[in-house]
Amino acid sequence: MTTTGIEIPFVHQLIGGVWGPADSGEWAEVENPGRREVIARVPASGASDVDRAVTAAKQAFPAWRVRPARERGALLIKLGDKIAEHQEELARIIASETGNALRTQARGEAASAVDIFRYYGQVASEQKGETLPLGDGLLSYTVREPLGVVGGIVPWNAPVQLSALKIAMSLSMGNTLVLKAAELAPLGVLRLAQWAAEILPDGVLNVISGAGSVAGARIASHPDIAKLTFTGSTGVGRSILAAAADRIVPVTLELGGKSPVIVFPDSDDDATVDGVITGMRFTRQGQSCTAGSRLYLHEDIFDSFLEKLTSKLAQLKIGDPLDEDSDIGAIVSQTQYDKICGYIQSGLDKGGKLITGGVQRPVDQDGYYVAPTVISGVGADWEITREEVFGPVLVVIPWRDEDEVVEAANDSAYGLAGYVWSKNIDQALRTANKLQVGWIQINRGGGQIPGMAYGGIKQSGLGREYSVDGALESFTQHKSFTIAYQG
């Protein structure tokens, strides 16, 4: 990690409407992974910072919960509009700290944050209950109430998008929020918080930085936090769930994935190849929990499809995330870079065949760059086949029998996403219905859209996000009333 001689800014955190450093006075450096340069310092928050943020959120909750839902929604829409005014600035921050390419990824993430706030702002008033026909003389009805203070923790791979989701879902339902930004990529989230502070009442949204093992752990165990929402690795998700179990508080977990992609022989075409590349999230360096990283290709098209795939991957330019010409940016950190290279080398050492890519740096730059890597000849029990690499690494497996490929696809501890490619819609639906995942796409490789229910099963998580129902089920609780009266 290097510095450029330019003064490195200190970026404060937001607690109770006030910007400031960590109580300890300690700071953490933020690196541009494409250039290996320190670009900012943020507070290295500890338990006492979390305690202050929770206190601020708790104090703001009574007034926020009784504010009409339509008014809360209007403020979220206003925040979305504010972000839209500064969308390019936000995109450049995202590219600088995550390594995601500006043109292909960071601008889309900034736009997604706008969409999320506008969507939940529009549906905030859907927080309504039901009436039950229990018979003459009885009136029974339910209302939905906010839970209280929500504790949110987001990862570094799509920090602004995922923060916008947790903020919008929590606040639209009348909760207040303490959000911990990712250690490696906090700047975009803190910038978003600056705009939010201009619009929202003090204490409704509190955004801190700091290590997950310290600040994140305190959020998970804090007695005054009524709900936890976490996006990240399955391993950390388990610890969040254990902490929540001790206090019996609800949890939303969006965790890892090792998503299968099944391609039928009628889909040996450029459109499907493009969709597989998109679904693998190659232009985000494969750093996505929904990456379709297990490609099951029918034997009849195995060689021809791979030829088209490698040809298209070769056309993608790898380089500085802030370069307009770059299709693919940098891996987020040295640690993640080493982990990805270790998985690749492990697969090759066990006898896998390297189709393209590998552990050699694809560009003559000082960042953490890994080329799109495709490996065939892998075993079903290899680490590279079963574990989440979280990098641009795709394993390719031939198949012939439909039942057998579904069985292989389901042979995973994960169950987040799945992809099916077939021109025969009956065949595609039959296959998709058998996949044990929470989100299935047929003939599409794109990302989530506000309004759809998104989330995993098995070790890929609990709960649903992006939808109205997800917000209602995850961020409110039912209160039931039964009234006897003389008819």
# chains A, B, ... in the order shown; residues from 1 in each chain; ligands from 1

call {"tool": "residues_around", "arguments": {"residues": "Leu132 in chain A", "least_positions_apart": "2", "cutoff": "6 Å", "atoms": "only C-alpha atoms", "output": "NGL selection string"}}
result
:A and (134 or 140-141)

call {"tool": "write_last_selection", "arguments": {"atoms": "all heavy atoms", "output": "tab-separated table (two decimals), in the first residue's frame"}}
result
chain	number	residue	atom	x	y	z
A	134	LEU	N	-64.45	-12.96	12.54
A	134	LEU	CA	-64.61	-13.97	13.59
A	134	LEU	C	-66.05	-14.18	14.01
A	134	LEU	O	-66.34	-15.00	14.87
A	134	LEU	CB	-63.76	-13.57	14.81
A	134	LEU	CG	-62.25	-13.50	14.60
A	134	LEU	CD1	-61.54	-13.20	15.91
A	134	LEU	CD2	-61.71	-14.79	13.99
A	140	SER	N	-61.90	-8.34	15.01
A	140	SER	CA	-60.49	-8.69	15.16
A	140	SER	C	-59.71	-8.06	14.03
A	140	SER	O	-60.07	-8.19	12.86
A	140	SER	CB	-60.32	-10.21	15.15
A	140	SER	OG	-58.95	-10.56	15.34
A	141	TYR	N	-58.65	-7.39	14.40
A	141	TYR	CA	-57.81	-6.77	13.36
A	141	TYR	C	-56.35	-6.75	13.81
A	141	TYR	O	-56.04	-6.91	15.00
A	141	TYR	CB	-58.29	-5.36	13.03
A	141	TYR	CG	-58.13	-4.33	14.14
A	141	TYR	CD1	-56.99	-3.52	14.20
A	141	TYR	CD2	-59.11	-4.17	15.11
A	141	TYR	CE1	-56.85	-2.58	15.19
A	141	TYR	CE2	-58.97	-3.22	16.11
A	141	TYR	CZ	-57.83	-2.43	16.16
A	141	TYR	OH	-57.68	-1.49	17.14

call {"tool": "residues_around", "arguments": {"residues": "Ser209 in chain A", "least_positions_apart": "2", "cutoff": "12 Å", "atoms": "only C-alpha atoms", "output": "CSV table (one decimal) with N, CA, C and O atoms, in the first residue's frame"}}
result
chain,number,residue,atom,x,y,z
A,11,VAL,N,-12.3,11.2,7.0
A,11,VAL,CA,-13.7,11.3,6.8
A,11,VAL,C,-14.4,10.8,8.1
A,11,VAL,O,-14.1,9.7,8.6
A,12,HIS,N,-15.3,11.6,8.7
A,12,HIS,CA,-15.9,11.3,9.9
A,12,HIS,C,-17.2,10.4,9.8
A,12,HIS,O,-17.6,10.2,8.7
A,13,GLN,N,-17.7,9.9,10.9
A,13,GLN,CA,-18.9,9.1,10.9
A,13,GLN,C,-20.0,9.9,11.5
A,13,GLN,O,-19.8,11.0,12.1
A,14,LEU,N,-21.3,9.4,11.3
A,14,LEU,CA,-22.5,10.1,11.7
A,14,LEU,C,-23.2,9.4,12.8
A,14,LEU,O,-23.6,8.3,12.7
A,15,ILE,N,-23.3,10.1,14.0
A,15,ILE,CA,-24.0,9.6,15.1
A,15,ILE,C,-24.9,10.7,15.7
A,15,ILE,O,-24.4,11.8,16.1
A,20,GLY,N,-18.2,13.1,13.5
A,20,GLY,CA,-17.0,13.1,14.4
A,20,GLY,C,-16.2,11.8,14.2
A,20,GLY,O,-16.5,10.9,13.5
A,21,PRO,N,-15.0,11.8,15.0
A,21,PRO,CA,-14.1,10.6,14.9
A,21,PRO,C,-14.6,9.6,15.9
A,21,PRO,O,-15.6,9.7,16.6
A,22,ALA,N,-13.8,8.5,15.9
A,22,ALA,CA,-14.1,7.4,16.9
A,22,ALA,C,-13.7,7.9,18.3
A,22,ALA,O,-12.9,8.8,18.5
A,23,ASP,N,-14.4,7.4,19.3
A,23,ASP,CA,-14.0,7.7,20.7
A,23,ASP,C,-12.6,7.5,21.0
A,23,ASP,O,-12.0,8.2,21.8
A,26,GLU,N,-8.7,6.7,17.0
A,26,GLU,CA,-8.0,5.9,16.1
A,26,GLU,C,-8.6,5.9,14.7
A,26,GLU,O,-9.8,6.1,14.6
A,27,TRP,N,-7.8,5.7,13.7
A,27,TRP,CA,-8.3,5.8,12.3
A,27,TRP,C,-7.8,4.6,11.5
A,27,TRP,O,-6.8,3.9,11.8
A,28,ALA,N,-8.6,4.3,10.5
A,28,ALA,CA,-8.3,3.1,9.6
A,28,ALA,C,-8.1,3.7,8.2
A,28,ALA,O,-8.9,4.6,7.7
A,29,GLU,N,-7.2,3.1,7.5
A,29,GLU,CA,-6.9,3.6,6.1
A,29,GLU,C,-7.8,2.9,5.1
A,29,GLU,O,-8.1,1.7,5.2
A,30,VAL,N,-8.2,3.6,4.1
A,30,VAL,CA,-8.9,3.1,3.0
A,30,VAL,C,-8.1,3.1,1.7
A,30,VAL,O,-7.5,4.2,1.4
A,41,ARG,N,-8.9,8.2,5.3
A,41,ARG,CA,-8.9,7.6,6.6
A,41,ARG,C,-10.2,7.8,7.3
A,41,ARG,O,-10.8,8.9,7.2
A,42,VAL,N,-10.7,6.7,7.9
A,42,VAL,CA,-12.1,6.8,8.5
A,42,VAL,C,-11.9,6.3,10.0
A,42,VAL,O,-11.0,5.7,10.4
A,43,PRO,N,-12.9,6.7,10.8
A,43,PRO,CA,-12.8,6.3,12.2
A,43,PRO,C,-12.8,4.8,12.4
A,43,PRO,O,-13.5,4.0,11.8
A,44,ALA,N,-11.9,4.4,13.3
A,44,ALA,CA,-11.8,2.9,13.7
A,44,ALA,C,-12.7,2.8,14.9
A,44,ALA,O,-12.2,2.7,16.0
A,45,SER,N,-14.0,2.7,14.7
A,45,SER,CA,-15.0,2.7,15.7
A,45,SER,C,-14.9,1.5,16.6
A,45,SER,O,-14.6,0.4,16.1
A,46,GLY,N,-15.2,1.7,17.9
A,46,GLY,CA,-15.3,0.6,18.8
A,46,GLY,C,-16.6,0.4,19.5
A,46,GLY,O,-17.6,1.0,19.0
A,47,ALA,N,-16.7,-0.3,20.5
A,47,ALA,CA,-18.0,-0.6,21.2
A,47,ALA,C,-18.6,0.7,21.7
A,47,ALA,O,-19.9,0.8,21.6
A,49,ASP,N,-18.6,3.7,20.5
A,49,ASP,CA,-19.2,4.4,19.3
A,49,ASP,C,-20.5,3.7,19.0
A,49,ASP,O,-21.5,4.4,18.7
A,50,VAL,N,-20.5,2.4,19.0
A,50,VAL,CA,-21.8,1.7,18.7
A,50,VAL,C,-22.8,2.1,19.8
A,50,VAL,O,-24.0,2.3,19.5
A,53,ALA,N,-24.3,5.4,19.1
A,53,ALA,CA,-25.1,5.4,17.9
A,53,ALA,C,-26.5,4.7,18.3
A,53,ALA,O,-27.5,5.2,17.8
A,152,GLY,N,-27.5,-2.8,11.2
A,152,GLY,CA,-27.2,-3.3,9.9
A,152,GLY,C,-25.7,-3.3,9.7
A,152,GLY,O,-25.0,-2.4,10.1
A,153,ILE,N,-25.3,-4.3,9.0
A,153,ILE,CA,-23.9,-4.5,8.6
A,153,ILE,C,-23.8,-4.9,7.1
A,153,ILE,O,-24.5,-5.8,6.7
A,154,VAL,N,-23.0,-4.1,6.4
A,154,VAL,CA,-22.9,-4.4,4.9
A,154,VAL,C,-21.5,-4.7,4.5
A,154,VAL,O,-20.5,-4.4,5.2
A,155,PRO,N,-21.3,-5.5,3.4
A,155,PRO,CA,-20.0,-5.9,2.9
A,155,PRO,C,-19.4,-4.8,2.0
A,155,PRO,O,-20.0,-3.8,1.7
A,156,TRP,N,-18.2,-5.2,1.4
A,156,TRP,CA,-17.5,-4.2,0.6
A,156,TRP,C,-17.8,-4.4,-0.9
A,156,TRP,O,-17.4,-3.5,-1.7
A,178,VAL,N,-28.8,1.8,13.0
A,178,VAL,CA,-27.4,2.0,13.1
A,178,VAL,C,-26.7,1.1,12.1
A,178,VAL,O,-26.9,-0.2,12.1
A,179,LEU,N,-26.0,1.7,11.2
A,179,LEU,CA,-25.4,1.0,10.0
A,179,LEU,C,-23.9,1.0,10.1
A,179,LEU,O,-23.3,2.1,10.3
A,180,LYS,N,-23.3,-0.2,10.0
A,180,LYS,CA,-21.8,-0.2,10.0
A,180,LYS,C,-21.4,-0.4,8.6
A,180,LYS,O,-21.7,-1.4,7.9
A,181,ALA,N,-20.6,0.5,8.1
A,181,ALA,CA,-20.0,0.4,6.7
A,181,ALA,C,-18.9,-0.6,6.7
A,181,ALA,O,-18.3,-0.9,7.7
A,182,ALA,N,-18.6,-1.2,5.5
A,182,ALA,CA,-17.6,-2.2,5.4
A,182,ALA,C,-16.2,-1.5,5.6
A,182,ALA,O,-15.9,-0.4,5.3
A,183,GLU,N,-15.3,-2.3,6.3
A,183,GLU,CA,-14.0,-1.8,6.6
A,183,GLU,C,-13.2,-1.4,5.3
A,183,GLU,O,-12.5,-0.4,5.3
A,184,LEU,N,-13.4,-2.2,4.2
A,184,LEU,CA,-12.6,-1.9,3.0
A,184,LEU,C,-13.2,-0.9,2.1
A,184,LEU,O,-12.5,-0.3,1.3
A,185,ALA,N,-14.5,-0.6,2.3
A,185,ALA,CA,-15.2,0.3,1.4
A,185,ALA,C,-16.3,1.1,2.1
A,185,ALA,O,-17.4,1.0,1.9
A,186,PRO,N,-15.8,2.1,3.0
A,186,PRO,CA,-16.8,2.8,3.7
A,186,PRO,C,-17.2,4.2,3.1
A,186,PRO,O,-18.1,4.8,3.6
A,187,LEU,N,-16.4,4.7,2.2
A,187,LEU,CA,-16.5,6.1,1.7
A,187,LEU,C,-17.8,6.4,1.0
A,187,LEU,O,-18.4,7.5,1.3
A,188,GLY,N,-18.2,5.5,0.1
A,188,GLY,CA,-19.5,5.8,-0.6
A,188,GLY,C,-20.7,5.8,0.4
A,188,GLY,O,-21.6,6.6,0.3
A,189,VAL,N,-20.6,4.9,1.4
A,189,VAL,CA,-21.7,4.9,2.4
A,189,VAL,C,-21.7,6.1,3.2
A,189,VAL,O,-22.8,6.7,3.6
A,190,LEU,N,-20.5,6.6,3.6
A,190,LEU,CA,-20.5,7.8,4.5
A,190,LEU,C,-20.9,9.0,3.6
A,190,LEU,O,-21.4,10.0,4.2
A,193,ALA,N,-24.5,9.0,3.6
A,193,ALA,CA,-25.0,9.5,4.9
A,193,ALA,C,-25.0,11.0,5.0
A,193,ALA,O,-25.8,11.6,5.7
A,206,ASN,N,-27.8,6.4,11.6
A,206,ASN,CA,-26.5,6.6,12.2
A,206,ASN,C,-25.5,5.7,11.4
A,206,ASN,O,-25.8,4.5,11.3
A,207,VAL,N,-24.4,6.2,10.9
A,207,VAL,CA,-23.5,5.4,10.1
A,207,VAL,C,-22.1,5.5,10.7
A,207,VAL,O,-21.6,6.6,10.8
A,211,ALA,N,-14.0,-2.0,12.4
A,211,ALA,CA,-13.8,-3.4,12.1
A,211,ALA,C,-15.0,-4.3,12.5
A,211,ALA,O,-15.7,-4.0,13.5
A,212,GLY,N,-15.3,-5.3,11.7
A,212,GLY,CA,-16.4,-6.1,12.0
A,212,GLY,C,-16.3,-6.9,13.3
A,212,GLY,O,-17.2,-7.1,14.0
A,213,SER,N,-15.0,-7.2,13.6
A,213,SER,CA,-14.8,-8.0,14.8
A,213,SER,C,-15.0,-7.2,16.1
A,213,SER,O,-15.1,-7.7,17.2
A,214,VAL,N,-15.0,-5.9,15.9
A,214,VAL,CA,-15.2,-5.0,17.1
A,214,VAL,C,-16.5,-4.3,17.0
A,214,VAL,O,-17.4,-4.6,17.8
A,215,ALA,N,-16.7,-3.3,16.1
A,215,ALA,CA,-18.0,-2.6,16.0
A,215,ALA,C,-19.1,-3.5,15.5
A,215,ALA,O,-20.2,-3.4,16.0
A,216,GLY,N,-18.8,-4.4,14.6
A,216,GLY,CA,-19.9,-5.3,14.1
A,216,GLY,C,-20.3,-6.3,15.2
A,216,GLY,O,-21.5,-6.5,15.4
A,219,ILE,N,-22.6,-4.4,17.6
A,219,ILE,CA,-24.0,-4.3,17.0
A,219,ILE,C,-24.7,-5.6,17.2
A,219,ILE,O,-25.9,-5.6,17.6

call {"tool": "select_by_dssp", "arguments": {"residues": "range 373-482 of chain A", "states": "helix (DSSP H, G or I)", "output": "VMD selection string"}}
result
chain A and resid 383 to 386 402 to 410 425 to 434 458 to 460 468 to 475

call {"tool": "closest_residue", "arguments": {"among": "A:Gly438, A:Pro62, A:Gly391, A:Gly367", "to": "Ser460 in chain A", "atoms": "only C-alpha atoms"}}
result
A:Gly438

call {"tool": "residues_around", "arguments": {"residues": "Ile83 in chain A", "least_positions_apart": "4", "cutoff": "10 Å", "atoms": "only C-alpha atoms", "output": "ChimeraX atom specification"}}
result
/A:77-79,87-90,110-111,113-115,117,191-192,195-196

call {"tool": "atom_distance", "arguments": {"atom1": "CA of Gly80 in chain A", "atom2": "CA of Ala164 in chain A"}}
result
9.3 Å

call {"tool": "select_by_dssp", "arguments": {"residues": "range 373-427 of chain A", "states": "strand (DSSP E)", "output": "JSON, numbers by chain"}}
result
{"A": [373, 374, 375, 376, 393, 394, 395, 396, 397, 398, 399, 417, 418, 419, 420, 421]}

call {"tool": "residues_around", "arguments": {"residues": "Val332 in chain A", "least_positions_apart": "3", "cutoff": "7 Å", "atoms": "only C-alpha atoms", "output": "PyMOL selection string"}}
result
chain A and resi 33+98-99+336

call {"tool": "atom_distance", "arguments": {"atom1": "CA of Ala56 in chain A", "atom2": "CA of Leu147 in chain A"}}
result
15.8 Å

call {"tool": "residues_around", "arguments": {"residues": "Arg464 in chain A", "least_positions_apart": "5", "cutoff": "7 Å", "atoms": "only C-alpha atoms", "output": "JSON, numbers by chain"}}
result
{"A": [453, 454, 455, 470]}

call {"tool": "write_last_selection", "arguments": {"atoms": "N, CA and C atoms", "output": "JSON list (two decimals), in the first residue's frame"}}
result
[["chain", "number", "residue", "atom", "x", "y", "z"],
["A", 453, "ALA", "N", -38.71, -10.46, -4.77],
["A", 453, "ALA", "CA", -38.30, -11.07, -3.51],
["A", 453, "ALA", "C", -36.96, -11.76, -3.72],
["A", 454, "TYR", "N", -35.96, -11.33, -2.95],
["A", 454, "TYR", "CA", -34.61, -11.86, -3.14],
["A", 454, "TYR", "C", -34.04, -12.34, -1.81],
["A", 455, "GLY", "N", -33.48, -13.54, -1.83],
["A", 455, "GLY", "CA", -32.83, -14.09, -0.65],
["A", 455, "GLY", "C", -32.54, -15.56, -0.87],
["A", 470, "GLY", "N", -40.86, -8.37, 1.72],
["A", 470, "GLY", "CA", -39.63, -8.55, 2.48],
["A", 470, "GLY", "C", -39.49, -7.50, 3.57]]

call {"tool": "closest_residue", "arguments": {"among": "A:Ser233, A:Thr373, A:Thr476, A:Thr335", "to": "Leu171 in chain A", "atoms": "only C-alpha atoms"}}
result
A:Thr476

call {"tool": "residues_around", "arguments": {"residues": "Cys341 in chain A", "least_positions_apart": "2", "cutoff": "10 Å", "atoms": "only C-alpha atoms", "output": "PyMOL selection string"}}
result
chain A and resi 336-339+343-347+358-360+370+389+391+393

call {"tool": "write_last_selection", "arguments": {"atoms": "N, CA and C atoms", "output": "short mmCIF file (atom, residue, chain, number, x, y, z; two decimals), in the first residue's frame"}}
result
data_model
loop_
_atom_site.label_atom_id
_atom_site.label_comp_id
_atom_site.auth_asym_id
_atom_site.auth_seq_id
_atom_site.Cartn_x
_atom_site.Cartn_y
_atom_site.Cartn_z
N GLN A 336 -7.82 -10.63 -0.31
CA GLN A 336 -8.76 -11.28 -1.21
C GLN A 336 -8.06 -11.77 -2.47
N TYR A 337 -7.11 -10.99 -2.97
CA TYR A 337 -6.33 -11.39 -4.16
C TYR A 337 -5.60 -12.72 -3.89
N ASP A 338 -4.94 -12.81 -2.75
CA ASP A 338 -4.21 -14.03 -2.41
C ASP A 338 -5.15 -15.23 -2.27
N LYS A 339 -6.31 -14.99 -1.69
CA LYS A 339 -7.29 -16.07 -1.51
C LYS A 339 -7.75 -16.61 -2.87
N TYR A 343 -7.19 -20.43 -4.55
CA TYR A 343 -8.21 -21.33 -5.08
C TYR A 343 -7.85 -21.78 -6.50
N ILE A 344 -7.40 -20.85 -7.34
CA ILE A 344 -7.04 -21.20 -8.72
C ILE A 344 -5.91 -22.23 -8.72
N GLN A 345 -4.88 -21.95 -7.94
CA GLN A 345 -3.73 -22.85 -7.92
C GLN A 345 -4.12 -24.22 -7.38
N SER A 346 -4.99 -24.24 -6.37
CA SER A 346 -5.46 -25.51 -5.82
C SER A 346 -6.17 -26.34 -6.88
N GLY A 347 -7.04 -25.68 -7.67
CA GLY A 347 -7.75 -26.39 -8.73
C GLY A 347 -6.81 -26.95 -9.78
N GLY A 358 -5.97 -17.51 -15.07
CA GLY A 358 -4.91 -18.08 -14.24
C GLY A 358 -4.44 -17.11 -13.19
N VAL A 359 -3.32 -17.44 -12.55
CA VAL A 359 -2.83 -16.65 -11.41
C VAL A 359 -1.89 -15.54 -11.84
N GLN A 360 -1.49 -15.48 -13.09
CA GLN A 360 -0.61 -14.41 -13.54
C GLN A 360 -1.38 -13.11 -13.67
N VAL A 370 -6.93 -9.85 -11.39
CA VAL A 370 -7.02 -11.26 -11.75
C VAL A 370 -7.87 -11.37 -13.01
N VAL A 389 -15.49 -18.82 -3.99
CA VAL A 389 -14.20 -18.20 -4.26
C VAL A 389 -14.29 -16.69 -4.11
N GLY A 391 -14.39 -14.51 -6.53
CA GLY A 391 -13.47 -13.94 -7.49
C GLY A 391 -13.88 -14.39 -8.88
N VAL A 393 -13.67 -16.62 -11.06
CA VAL A 393 -13.27 -18.01 -11.31
C VAL A 393 -14.52 -18.86 -11.57
#

call {"tool": "residues_around", "arguments": {"residues": "Ile262 in chain A", "least_positions_apart": "4", "cutoff": "10 Å", "atoms": "only C-alpha atoms", "output": "count of residues only"}}
result
23

call {"tool": "closest_residue", "arguments": {"among": "A:Lys258, A:Arg92, A:Arg52, A:Arg218", "to": "Lys458 in chain A", "atoms": "only C-alpha atoms"}}
result
A:Lys258

call {"tool": "decode", "arguments": {"residues": "range 438-460 of chain A", "atoms": "C-alpha atoms", "output": "mmCIF file, in the first residue's frame"}}
result
data_model
loop_
_atom_site.group_PDB
_atom_site.id
_atom_site.type_symbol
_atom_site.label_atom_id
_atom_site.label_comp_id
_atom_site.auth_asym_id
_atom_site.auth_seq_id
_atom_site.Cartn_x
_atom_site.Cartn_y
_atom_site.Cartn_z
ATOM 1 C CA GLY A 438 -34.024 -18.835 -3.363
ATOM 2 C CA TRP A 439 -33.673 -16.862 -6.603
ATOM 3 C CA ILE A 440 -33.825 -18.457 -10.046
ATOM 4 C CA GLN A 441 -33.369 -16.726 -13.381
ATOM 5 C CA ILE A 442 -34.363 -18.280 -16.694
ATOM 6 C CA ASN A 443 -32.607 -16.919 -19.773
ATOM 7 C CA ARG A 444 -31.414 -13.897 -17.806
ATOM 8 C CA GLY A 445 -28.166 -13.125 -16.024
ATOM 9 C CA GLY A 446 -28.823 -9.626 -14.647
ATOM 10 C CA GLY A 447 -29.085 -8.357 -11.110
ATOM 11 C CA GLN A 448 -31.887 -7.727 -8.649
ATOM 12 C CA ILE A 449 -34.684 -5.272 -9.360
ATOM 13 C CA PRO A 450 -36.607 -3.432 -6.606
ATOM 14 C CA GLY A 451 -39.915 -5.198 -6.090
ATOM 15 C CA MET A 452 -38.714 -8.777 -6.503
ATOM 16 C CA ALA A 453 -38.299 -11.068 -3.511
ATOM 17 C CA TYR A 454 -34.606 -11.857 -3.137
ATOM 18 C CA GLY A 455 -32.832 -14.093 -0.652
ATOM 19 C CA GLY A 456 -31.366 -17.525 -0.102
ATOM 20 C CA ILE A 457 -32.051 -20.872 1.501
ATOM 21 C CA LYS A 458 -29.790 -23.409 3.209
ATOM 22 C CA GLN A 459 -26.527 -21.685 4.231
ATOM 23 C CA SER A 460 -27.180 -18.746 1.930
#
